Structure formats: C-alpha cells, structure tokens
file work27.pdb (PDB, C-alpha atoms and all ligand atoms)
ATOM      1  CA  MET A 139      -5.233  -6.995  50.230  1.00  0.00           C
ATOM      2  CA  ALA A 140      -6.566  -5.298  47.111  1.00  0.00           C
ATOM      3  CA  ASP A 141      -5.225  -8.171  45.038  1.00  0.00           C
ATOM      4  CA  ALA A 142      -6.987 -10.656  47.265  1.00  0.00           C
ATOM      5  CA  VAL A 143     -10.277  -8.799  46.891  1.00  0.00           C
ATOM      6  CA  LEU A 144      -9.833  -8.582  43.136  1.00  0.00           C
ATOM      7  CA  ALA A 145      -9.029 -12.279  42.935  1.00  0.00           C
ATOM      8  CA  PHE A 146     -12.149 -13.071  44.928  1.00  0.00           C
ATOM      9  CA  GLU A 147     -14.333 -10.885  42.729  1.00  0.00           C
ATOM     10  CA  THR A 148     -12.869 -12.383  39.568  1.00  0.00           C
ATOM     11  CA  GLN A 149     -13.524 -15.852  40.880  1.00  0.00           C
ATOM     12  CA  GLU A 150     -17.060 -14.868  41.831  1.00  0.00           C
ATOM     13  CA  ALA A 151     -17.706 -13.384  38.387  1.00  0.00           C
ATOM     14  CA  ARG A 152     -16.790 -16.733  36.824  1.00  0.00           C
ATOM     15  CA  ALA A 153     -19.055 -18.648  39.146  1.00  0.00           C
ATOM     16  CA  SER A 154     -21.903 -20.560  37.612  1.00  0.00           C
ATOM     17  CA  LEU A 155     -25.103 -19.880  39.519  1.00  0.00           C
ATOM     18  CA  LYS A 156     -28.365 -21.757  39.278  1.00  0.00           C
ATOM     19  CA  PRO A 157     -31.141 -19.581  37.845  1.00  0.00           C
ATOM     20  CA  THR A 158     -33.952 -18.660  40.201  1.00  0.00           C
ATOM     21  CA  PRO A 159     -36.822 -21.102  39.624  1.00  0.00           C
ATOM     22  CA  ARG A 160     -39.846 -19.784  37.797  1.00  0.00           C
ATOM     23  CA  ASN A 161     -43.329 -19.714  39.255  1.00  0.00           C
ATOM     24  CA  GLU A 162     -46.603 -18.668  37.719  1.00  0.00           C
ATOM     25  CA  THR A 163     -47.755 -15.068  37.356  1.00  0.00           C
ATOM     26  CA  GLY A 164     -51.205 -15.441  38.913  1.00  0.00           C
ATOM     27  CA  PRO A 165     -54.171 -13.182  38.163  1.00  0.00           C
ATOM     28  CA  PHE A 166     -53.321 -10.012  40.101  1.00  0.00           C
ATOM     29  CA  TYR A 167     -50.378  -8.381  38.285  1.00  0.00           C
ATOM     30  CA  LYS A 168     -50.759  -4.709  37.352  1.00  0.00           C
ATOM     31  CA  ARG A 169     -48.413  -2.692  35.192  1.00  0.00           C
ATOM     32  CA  LEU A 170     -46.948   0.676  36.129  1.00  0.00           C
ATOM     33  CA  ALA A 171     -46.632   0.251  39.886  1.00  0.00           C
ATOM     34  CA  PRO A 172     -44.773   3.103  41.624  1.00  0.00           C
ATOM     35  CA  ASN A 173     -41.019   3.011  42.164  1.00  0.00           C
ATOM     36  CA  SER A 174     -41.169   3.115  45.956  1.00  0.00           C
ATOM     37  CA  ALA A 175     -39.559   0.674  48.359  1.00  0.00           C
ATOM     38  CA  HIS A 176     -41.929   1.718  51.159  1.00  0.00           C
ATOM     39  CA  LEU A 177     -44.943  -0.467  50.659  1.00  0.00           C
ATOM     40  CA  ARG A 178     -45.912  -0.420  54.317  1.00  0.00           C
ATOM     41  CA  GLY A 179     -47.748   2.699  55.404  1.00  0.00           C
ATOM     42  CA  ALA A 180     -47.538   4.102  58.926  1.00  0.00           C
ATOM     43  CA  GLY A 181     -49.865   2.126  61.128  1.00  0.00           C
ATOM     44  CA  ASP A 182     -50.496  -0.632  58.611  1.00  0.00           C
ATOM     45  CA  PRO A 183     -51.598  -3.789  60.446  1.00  0.00           C
ATOM     46  CA  GLY A 184     -49.697  -7.023  60.049  1.00  0.00           C
ATOM     47  CA  LEU A 185     -46.160  -8.153  60.759  1.00  0.00           C
ATOM     48  CA  PRO A 186     -43.678  -5.649  59.285  1.00  0.00           C
ATOM     49  CA  LEU A 187     -41.495  -7.337  56.684  1.00  0.00           C
ATOM     50  CA  ARG A 188     -38.275  -6.267  55.035  1.00  0.00           C
ATOM     51  CA  VAL A 189     -37.053  -8.103  51.959  1.00  0.00           C
ATOM     52  CA  ASP A 190     -33.734  -7.561  50.293  1.00  0.00           C
ATOM     53  CA  GLY A 191     -31.468  -9.329  47.893  1.00  0.00           C
ATOM     54  CA  ARG A 192     -29.135  -8.996  44.980  1.00  0.00           C
ATOM     55  CA  VAL A 193     -29.823  -9.512  41.305  1.00  0.00           C
ATOM     56  CA  ARG A 194     -27.122 -11.398  39.424  1.00  0.00           C
ATOM     57  CA  ASN A 195     -26.930 -13.548  36.340  1.00  0.00           C
ATOM     58  CA  VAL A 196     -25.836 -17.179  36.059  1.00  0.00           C
ATOM     59  CA  ARG A 197     -22.233 -16.045  35.508  1.00  0.00           C
ATOM     60  CA  GLY A 198     -22.307 -14.355  38.904  1.00  0.00           C
ATOM     61  CA  GLU A 199     -22.254 -10.848  37.432  1.00  0.00           C
ATOM     62  CA  VAL A 200     -24.270  -8.301  39.372  1.00  0.00           C
ATOM     63  CA  MET A 201     -27.161  -6.740  37.474  1.00  0.00           C
ATOM     64  CA  PRO A 202     -27.498  -3.021  38.143  1.00  0.00           C
ATOM     65  CA  ALA A 203     -30.713  -1.295  37.050  1.00  0.00           C
ATOM     66  CA  ALA A 204     -32.651  -4.554  36.798  1.00  0.00           C
ATOM     67  CA  LYS A 205     -36.376  -3.909  37.063  1.00  0.00           C
ATOM     68  CA  VAL A 206     -37.817  -5.747  40.082  1.00  0.00           C
ATOM     69  CA  GLU A 207     -41.615  -5.669  40.075  1.00  0.00           C
ATOM     70  CA  ILE A 208     -43.339  -7.057  43.142  1.00  0.00           C
ATOM     71  CA  TRP A 209     -46.958  -7.460  44.148  1.00  0.00           C
ATOM     72  CA  GLN A 210     -48.564  -9.099  47.132  1.00  0.00           C
ATOM     73  CA  ALA A 211     -51.705  -9.348  49.220  1.00  0.00           C
ATOM     74  CA  ASP A 212     -52.114  -7.346  52.422  1.00  0.00           C
ATOM     75  CA  HIS A 213     -51.934  -9.058  55.810  1.00  0.00           C
ATOM     76  CA  LEU A 214     -55.495 -10.336  55.388  1.00  0.00           C
ATOM     77  CA  GLY A 215     -54.881 -11.788  51.942  1.00  0.00           C
ATOM     78  CA  SER A 216     -56.466  -9.057  49.807  1.00  0.00           C
ATOM     79  CA  TYR A 217     -54.864  -7.609  46.666  1.00  0.00           C
ATOM     80  CA  ASP A 218     -55.422  -3.946  45.840  1.00  0.00           C
ATOM     81  CA  LEU A 219     -57.048  -4.098  42.415  1.00  0.00           C
ATOM     82  CA  GLU A 220     -58.076  -0.428  42.344  1.00  0.00           C
ATOM     83  CA  GLY A 221     -54.731   1.151  43.212  1.00  0.00           C
ATOM     84  CA  PHE A 222     -51.176   0.122  43.991  1.00  0.00           C
ATOM     85  CA  ARG A 223     -51.102  -0.846  47.647  1.00  0.00           C
ATOM     86  CA  TYR A 224     -48.373  -3.461  48.190  1.00  0.00           C
ATOM     87  CA  ARG A 225     -47.167  -3.128  44.637  1.00  0.00           C
ATOM     88  CA  ALA A 226     -43.886  -1.650  43.439  1.00  0.00           C
ATOM     89  CA  SER A 227     -41.591  -1.474  40.449  1.00  0.00           C
ATOM     90  CA  LEU A 228     -38.078  -1.167  41.863  1.00  0.00           C
ATOM     91  CA  SER A 229     -34.661  -0.818  40.301  1.00  0.00           C
ATOM     92  CA  SER A 230     -31.584  -2.654  41.547  1.00  0.00           C
ATOM     93  CA  ASP A 231     -28.681  -0.356  42.470  1.00  0.00           C
ATOM     94  CA  ALA A 232     -25.109  -0.306  41.169  1.00  0.00           C
ATOM     95  CA  SER A 233     -24.260  -3.443  43.162  1.00  0.00           C
ATOM     96  CA  GLY A 234     -27.416  -5.247  42.073  1.00  0.00           C
ATOM     97  CA  GLN A 235     -29.139  -4.768  45.436  1.00  0.00           C
ATOM     98  CA  TYR A 236     -32.837  -4.168  45.900  1.00  0.00           C
ATOM     99  CA  SER A 237     -34.930  -3.951  49.063  1.00  0.00           C
ATOM    100  CA  PHE A 238     -38.402  -3.009  50.215  1.00  0.00           C
ATOM    101  CA  ASP A 239     -40.445  -2.644  53.393  1.00  0.00           C
ATOM    102  CA  SER A 240     -43.839  -4.291  53.512  1.00  0.00           C
ATOM    103  CA  VAL A 241     -45.971  -6.543  55.682  1.00  0.00           C
ATOM    104  CA  MET A 242     -46.134 -10.326  55.777  1.00  0.00           C
ATOM    105  CA  PRO A 243     -48.792 -11.205  53.165  1.00  0.00           C
ATOM    106  CA  GLY A 244     -51.892 -13.069  54.317  1.00  0.00           C
ATOM    107  CA  HIS A 245     -53.378 -16.269  53.030  1.00  0.00           C
ATOM    108  CA  TYR A 246     -56.261 -16.048  50.580  1.00  0.00           C
ATOM    109  CA  PRO A 247     -58.780 -18.497  49.144  1.00  0.00           C
ATOM    110  CA  GLY A 248     -57.336 -20.549  46.320  1.00  0.00           C
ATOM    111  CA  ARG A 249     -53.751 -20.342  47.544  1.00  0.00           C
ATOM    112  CA  VAL A 250     -52.299 -22.495  50.276  1.00  0.00           C
ATOM    113  CA  CYS A 251     -49.185 -20.443  51.057  1.00  0.00           C
ATOM    114  CA  GLN A 252     -48.251 -16.856  51.769  1.00  0.00           C
ATOM    115  CA  HIS A 253     -46.206 -15.443  48.895  1.00  0.00           C
ATOM    116  CA  ILE A 254     -44.908 -12.345  47.122  1.00  0.00           C
ATOM    117  CA  HIS A 255     -44.957 -12.221  43.331  1.00  0.00           C
ATOM    118  CA  TYR A 256     -41.891 -11.099  41.360  1.00  0.00           C
ATOM    119  CA  ALA A 257     -41.286 -10.085  37.765  1.00  0.00           C
ATOM    120  CA  VAL A 258     -37.618  -9.298  37.150  1.00  0.00           C
ATOM    121  CA  THR A 259     -36.264  -7.989  33.859  1.00  0.00           C
ATOM    122  CA  ALA A 260     -32.839  -6.824  32.729  1.00  0.00           C
ATOM    123  CA  PRO A 261     -31.447  -6.113  29.250  1.00  0.00           C
ATOM    124  CA  GLY A 262     -29.993  -9.195  27.569  1.00  0.00           C
ATOM    125  CA  HIS A 263     -31.661 -11.592  30.027  1.00  0.00           C
ATOM    126  CA  LYS A 264     -34.783 -13.720  30.075  1.00  0.00           C
ATOM    127  CA  PRO A 265     -37.632 -12.166  32.069  1.00  0.00           C
ATOM    128  CA  LEU A 266     -38.147 -14.025  35.338  1.00  0.00           C
ATOM    129  CA  ILE A 267     -41.615 -14.497  36.807  1.00  0.00           C
ATOM    130  CA  THR A 268     -41.562 -16.132  40.199  1.00  0.00           C
ATOM    131  CA  GLN A 269     -42.847 -16.067  43.780  1.00  0.00           C
ATOM    132  CA  LEU A 270     -41.178 -15.810  47.175  1.00  0.00           C
ATOM    133  CA  TYR A 271     -42.434 -18.053  49.987  1.00  0.00           C
ATOM    134  CA  PHE A 272     -41.739 -18.081  53.727  1.00  0.00           C
ATOM    135  CA  ALA A 273     -40.387 -20.986  55.766  1.00  0.00           C
ATOM    136  CA  THR A 274     -42.493 -19.757  58.708  1.00  0.00           C
ATOM    137  CA  ASP A 275     -45.752 -20.210  56.795  1.00  0.00           C
ATOM    138  CA  PRO A 276     -48.186 -22.118  59.038  1.00  0.00           C
ATOM    139  CA  ALA A 277     -49.080 -24.231  56.000  1.00  0.00           C
ATOM    140  CA  PHE A 278     -45.650 -25.901  56.324  1.00  0.00           C
ATOM    141  CA  GLU A 279     -46.220 -26.814  59.981  1.00  0.00           C
ATOM    142  CA  GLY A 280     -42.573 -26.072  60.753  1.00  0.00           C
ATOM    143  CA  ASP A 281     -41.230 -28.448  58.104  1.00  0.00           C
ATOM    144  CA  PRO A 282     -41.043 -26.807  54.666  1.00  0.00           C
ATOM    145  CA  ASP A 283     -38.738 -29.579  53.392  1.00  0.00           C
ATOM    146  CA  ARG A 284     -41.506 -32.080  53.856  1.00  0.00           C
ATOM    147  CA  ASN A 285     -44.578 -29.900  53.369  1.00  0.00           C
ATOM    148  CA  TYR A 286     -43.807 -27.340  50.655  1.00  0.00           C
ATOM    149  CA  THR A 287     -45.775 -29.342  48.076  1.00  0.00           C
ATOM    150  CA  ARG A 288     -48.974 -28.686  50.005  1.00  0.00           C
ATOM    151  CA  ASP A 289     -49.297 -25.677  47.734  1.00  0.00           C
ATOM    152  CA  PRO A 290     -49.664 -27.223  44.250  1.00  0.00           C
ATOM    153  CA  ILE A 291     -48.261 -24.042  42.669  1.00  0.00           C
ATOM    154  CA  LEU A 292     -45.093 -24.254  44.755  1.00  0.00           C
ATOM    155  CA  ILE A 293     -42.948 -26.643  42.757  1.00  0.00           C
ATOM    156  CA  SER A 294     -39.506 -25.620  44.010  1.00  0.00           C
ATOM    157  CA  ARG A 295     -38.284 -25.806  47.595  1.00  0.00           C
ATOM    158  CA  GLU A 296     -35.708 -23.149  46.715  1.00  0.00           C
ATOM    159  CA  LEU A 297     -38.400 -20.496  46.607  1.00  0.00           C
ATOM    160  CA  VAL A 298     -39.141 -21.016  50.311  1.00  0.00           C
ATOM    161  CA  ARG A 299     -36.820 -18.715  52.244  1.00  0.00           C
ATOM    162  CA  PRO A 300     -35.870 -18.492  55.918  1.00  0.00           C
ATOM    163  CA  VAL A 301     -37.462 -15.715  57.941  1.00  0.00           C
ATOM    164  CA  THR A 302     -35.555 -14.016  60.743  1.00  0.00           C
ATOM    165  CA  LEU A 303     -36.940 -11.605  63.309  1.00  0.00           C
ATOM    166  CA  ALA A 304     -35.052  -8.360  63.954  1.00  0.00           C
ATOM    167  CA  GLY A 305     -35.485  -5.067  65.771  1.00  0.00           C
ATOM    168  CA  ASP A 306     -36.477  -3.979  69.260  1.00  0.00           C
ATOM    169  CA  PRO A 307     -38.988  -6.084  71.185  1.00  0.00           C
ATOM    170  CA  ASP A 308     -41.646  -3.399  70.682  1.00  0.00           C
ATOM    171  CA  ALA A 309     -40.860  -2.944  66.999  1.00  0.00           C
ATOM    172  CA  ILE A 310     -40.095  -6.389  65.656  1.00  0.00           C
ATOM    173  CA  HIS A 311     -39.989  -6.990  61.950  1.00  0.00           C
ATOM    174  CA  ALA A 312     -39.452 -10.072  59.837  1.00  0.00           C
ATOM    175  CA  HIS A 313     -36.552 -10.147  57.430  1.00  0.00           C
ATOM    176  CA  VAL A 314     -36.045 -12.279  54.328  1.00  0.00           C
ATOM    177  CA  ASP A 315     -33.194 -12.446  51.820  1.00  0.00           C
ATOM    178  CA  PHE A 316     -34.231 -13.255  48.290  1.00  0.00           C
ATOM    179  CA  ASP A 317     -31.390 -13.172  45.785  1.00  0.00           C
ATOM    180  CA  ILE A 318     -32.338 -13.369  42.125  1.00  0.00           C
ATOM    181  CA  VAL A 319     -30.349 -15.128  39.382  1.00  0.00           C
ATOM    182  CA  LEU A 320     -31.257 -14.387  35.759  1.00  0.00           C
ATOM    183  CA  GLU A 321     -30.466 -16.363  32.615  1.00  0.00           C
ATOM    184  CA  PRO A 322     -29.081 -14.695  29.500  1.00  0.00           C
ATOM    185  CA  LEU A 323     -31.269 -14.558  26.405  1.00  0.00           C
TER     186      LEU A 323
HETATM  187 FE    FE A 401     -50.818 -14.225  44.714  1.00  0.00          FE
END
call {"tool": "encode", "arguments": {"input": "work27.pdb", "output": "structure tokens"}}
result
Amino acid sequence: MADAVLAFETQEARASLKPTPRNETGPFYKRLAPNSAHLRGAGDPGLPLRVDGRVRNVRGEVMPAAKVEIWQADHLGSYDLEGFRYRASLSSDASGQYSFDSVMPGHYPGRVCQHIHYAVTAPGHKPLITQLYFATDPAFEGDPDRNYTRDPILISRELVRPVTLAGDPDAIHAHVDFDIVLEPL
C-alpha cells in the first residue's frame, strides 16, 4: 500500500501542470494585509463564501509557505480603501493548502463580473497576479462557457470556477476550489 502511495506521489510530482492564467491587478491592491483567513465578520451581510485550494508548481510539486494575498469587494461591491476589510495575506501550509472564509463579492461599476483578486508569490517562482471568478455570476446567465467574455478583463475561461452550496439550510455557504499553479523563474 505504501509503495502504491509513493508511486502515485512520484508520478504526480513529475506531472506537468498548466500555469494558472494571469489577470490584471486592478486599482485596489494594498500591501501588508493581515494574515487572517477569517475575512467574514460575525453578522456580515452577503452570501458566506469559503475558498480553498492548493498551491503547486508546473512540475506538480506542492508549494508550502507560498504567500497568497487576496483582496475583494464586499457584498455590495465596495473595496475597503481605509483599512483591510476583505483583504488578507495568507501562507500555504506544509501541503500547499490555503483557505479563507469571506462573502461572495458584489458587482461594482466598471467591472462586469464578481471576482477575487490574487497575488501569489513563492521563492524561485514567478509572481502570479490573477483573479478568481464564479460560474454562478448572473453576468454569465447560466452559461459561462458562452458568456465569460462579457467581462473584457476576463480573458481565460479557466479562471471561472464552479460554486457549490454547502451547510445546513439555515446556514448555507458557497464553496469554491481554486488551485494555483506557479511557474519557475
Ligand atoms: Fe476588483
């Protein structure tokens, strides 16, 4: 059994993964966000959202201690420019995993689609600036394959991820997986 697991991991480590597509930074990035995965405060309005994923490189190697910076609008589409609401600077764990709790970001003027901004850095790898989008976005009218280009900034269908609903009926939250693949320098 152990041999089988080892063989699988070795095979995975040799895998060639496609790097996560880049997407523009936008105007609202702020340095030095707190290292807290709890972006959603108690009683925050909006649909609760949990995002998690794993940071790897194109060789399939997991990236522990990658810096995963995220920033997003609140449920009404406003960015906190004074403080650090809905902003975080996270660190992937020993298996490359990261996760955070937030709310589904709102739409705002000038952008067609809901999104969460990412800046991911790890030693020996190219910094990745990108954005996560949601297949449930009303802008896609249920068909992201056909309609993702409605947002002129969204140039890659791969950045649009499925959204699942989880939890008790009175405490539903949305869940999205967003794995990250970095390129070496
Ligand atoms: Fe934005």
call {"tool": "resolve_selection", "arguments": {"input": "work27.pdb", "expression": "the PyMOL selection byres (((not hetatm)) within 12 of (chain A and resi 401))", "output": "NGL selection string"}}
result
:A and (161-167 or 208-212 or 215-218 or 224-225 or 243-256 or 268-271 or 289 or 291-292)
call {"tool": "write_last_selection", "arguments": {"input": "work27.pdb", "atoms": "C-alpha atoms", "output": "mmCIF file, in the frame of the given file"}}
result
data_model
loop_
_atom_site.group_PDB
_atom_site.id
_atom_site.type_symbol
_atom_site.label_atom_id
_atom_site.label_comp_id
_atom_site.auth_asym_id
_atom_site.auth_seq_id
_atom_site.Cartn_x
_atom_site.Cartn_y
_atom_site.Cartn_z
ATOM 1 C CA ASN A 161 -43.329 -19.714 39.255
ATOM 2 C CA GLU A 162 -46.603 -18.668 37.719
ATOM 3 C CA THR A 163 -47.755 -15.068 37.356
ATOM 4 C CA GLY A 164 -51.205 -15.441 38.913
ATOM 5 C CA PRO A 165 -54.171 -13.182 38.163
ATOM 6 C CA PHE A 166 -53.321 -10.012 40.101
ATOM 7 C CA TYR A 167 -50.378 -8.381 38.285
ATOM 8 C CA ILE A 208 -43.339 -7.057 43.142
ATOM 9 C CA TRP A 209 -46.958 -7.460 44.148
ATOM 10 C CA GLN A 210 -48.564 -9.099 47.132
ATOM 11 C CA ALA A 211 -51.705 -9.348 49.220
ATOM 12 C CA ASP A 212 -52.114 -7.346 52.422
ATOM 13 C CA GLY A 215 -54.881 -11.788 51.942
ATOM 14 C CA SER A 216 -56.466 -9.057 49.807
ATOM 15 C CA TYR A 217 -54.864 -7.609 46.666
ATOM 16 C CA ASP A 218 -55.422 -3.946 45.840
ATOM 17 C CA TYR A 224 -48.373 -3.461 48.190
ATOM 18 C CA ARG A 225 -47.167 -3.128 44.637
ATOM 19 C CA PRO A 243 -48.792 -11.205 53.165
ATOM 20 C CA GLY A 244 -51.892 -13.069 54.317
ATOM 21 C CA HIS A 245 -53.378 -16.269 53.030
ATOM 22 C CA TYR A 246 -56.261 -16.048 50.580
ATOM 23 C CA PRO A 247 -58.780 -18.497 49.144
ATOM 24 C CA GLY A 248 -57.336 -20.549 46.320
ATOM 25 C CA ARG A 249 -53.751 -20.342 47.544
ATOM 26 C CA VAL A 250 -52.299 -22.495 50.276
ATOM 27 C CA CYS A 251 -49.185 -20.443 51.057
ATOM 28 C CA GLN A 252 -48.251 -16.856 51.769
ATOM 29 C CA HIS A 253 -46.206 -15.443 48.895
ATOM 30 C CA ILE A 254 -44.908 -12.345 47.122
ATOM 31 C CA HIS A 255 -44.957 -12.221 43.331
ATOM 32 C CA TYR A 256 -41.891 -11.099 41.360
ATOM 33 C CA THR A 268 -41.562 -16.132 40.199
ATOM 34 C CA GLN A 269 -42.847 -16.067 43.780
ATOM 35 C CA LEU A 270 -41.178 -15.810 47.175
ATOM 36 C CA TYR A 271 -42.434 -18.053 49.987
ATOM 37 C CA ASP A 289 -49.297 -25.677 47.734
ATOM 38 C CA ILE A 291 -48.261 -24.042 42.669
ATOM 39 C CA LEU A 292 -45.093 -24.254 44.755
#
call {"tool": "resolve_selection", "arguments": {"input": "work27.pdb", "expression": "the PyMOL selection byres (((chain A and resi 184) around 9) and not hetatm)", "output": "CSV table (one decimal) with C-alpha atoms, keeping the file's coordinate frame"}}
result
chain,number,residue,atom,x,y,z
A,182,ASP,CA,-50.5,-0.6,58.6
A,183,PRO,CA,-51.6,-3.8,60.4
A,185,LEU,CA,-46.2,-8.2,60.8
A,186,PRO,CA,-43.7,-5.6,59.3
A,187,LEU,CA,-41.5,-7.3,56.7
A,212,ASP,CA,-52.1,-7.3,52.4
A,213,HIS,CA,-51.9,-9.1,55.8
A,214,LEU,CA,-55.5,-10.3,55.4
A,241,VAL,CA,-46.0,-6.5,55.7
A,242,MET,CA,-46.1,-10.3,55.8
A,243,PRO,CA,-48.8,-11.2,53.2
A,244,GLY,CA,-51.9,-13.1,54.3
call {"tool": "atom_distance", "arguments": {"input": "work27.pdb", "atom1": "atom CA of A:Thr259", "atom2": "atom CA of A:Tyr236"}}
result
13.1 Å
call {"tool": "closest_residue", "arguments": {"input": "work27.pdb", "among": "A:Ala204, A:Ser240, A:Thr158, A:Glu279", "to": "A:Arg295", "atoms": "only C-alpha atoms"}}
result
A:Thr158
call {"tool": "closest_residue", "arguments": {"input": "work27.pdb", "among": "A:Lys205, A:His311, A:Lys264, A:Arg288", "to": "A:Asn173", "atoms": "all atoms listed in the file"}}
result
A:Lys205
call {"tool": "residues_around", "arguments": {"input": "work27.pdb", "residues": "A:Glu207", "least_positions_apart": "4", "cutoff": "8 Å", "atoms": "all atoms listed in the file", "output": "PyMOL selection string"}}
result
chain A and resi 171+225-228+256-258
call {"tool": "closest_residue", "arguments": {"input": "work27.pdb", "among": "A:Gly262, A:Gly234, A:Pro276, A:Pro290", "to": "A:Val193", "atoms": "only C-alpha atoms"}}
result
A:Gly234
call {"tool": "atom_distance", "arguments": {"input": "work27.pdb", "atom1": "atom CA of A:Thr302", "atom2": "atom CA of A:Arg223"}}
result
24.2 Å
call {"tool": "axis_aligned_box", "arguments": {"input": "work27.pdb", "around": "stretch 220-224 of chain A", "padding_each_side": "8 Å", "output": "lines of an AutoDock Vina configuration file"}}
result
center_x = -53.2
center_y = -1.2
center_z = 45.3
size_x = 25.7
size_y = 20.6
size_z = 21.8
call {"tool": "atom_distance", "arguments": {"input": "work27.pdb", "atom1": "atom CA of A:Val196", "atom2": "atom CA of A:Pro159"}}
result
12.2 Å
call {"tool": "closest_residue", "arguments": {"input": "work27.pdb", "among": "A:Leu323, A:Ala153, A:Val314, A:Leu170", "to": "A:Pro261", "atoms": "all atoms listed in the file"}}
result
A:Leu323
call {"tool": "residues_around", "arguments": {"input": "work27.pdb", "residues": "A:Gln235", "least_positions_apart": "6", "cutoff": "9 Å", "atoms": "all atoms listed in the file", "output": "number ranges by chain"}}
result
A: 190-193, 200-202, 229, 317
call {"tool": "closest_residue", "arguments": {"input": "work27.pdb", "among": "A:Asp275, A:Glu296, A:Asp315, A:Asp283", "to": "A:Ser237", "atoms": "only C-alpha atoms"}}
result
A:Asp315
call {"tool": "residues_around", "arguments": {"input": "work27.pdb", "residues": "A:Asp239", "least_positions_apart": "2", "cutoff": "7 Å", "atoms": "all atoms listed in the file", "output": "list in words"}}
result
Ala175, His176, Leu177, Arg178, Leu187, Arg188 and Val189 of chain A
call {"tool": "write_last_selection", "arguments": {"input": "work27.pdb", "atoms": "C-alpha atoms", "output": "compact mmCIF listing (two decimals), in the frame of the given file"}}
result
# COMPACT_ATOMS: atom_id res chain seq x y z
CA ALA A 175 -39.56 0.67 48.36
CA HIS A 176 -41.93 1.72 51.16
CA LEU A 177 -44.94 -0.47 50.66
CA ARG A 178 -45.91 -0.42 54.32
CA LEU A 187 -41.50 -7.34 56.68
CA ARG A 188 -38.28 -6.27 55.04
CA VAL A 189 -37.05 -8.10 51.96
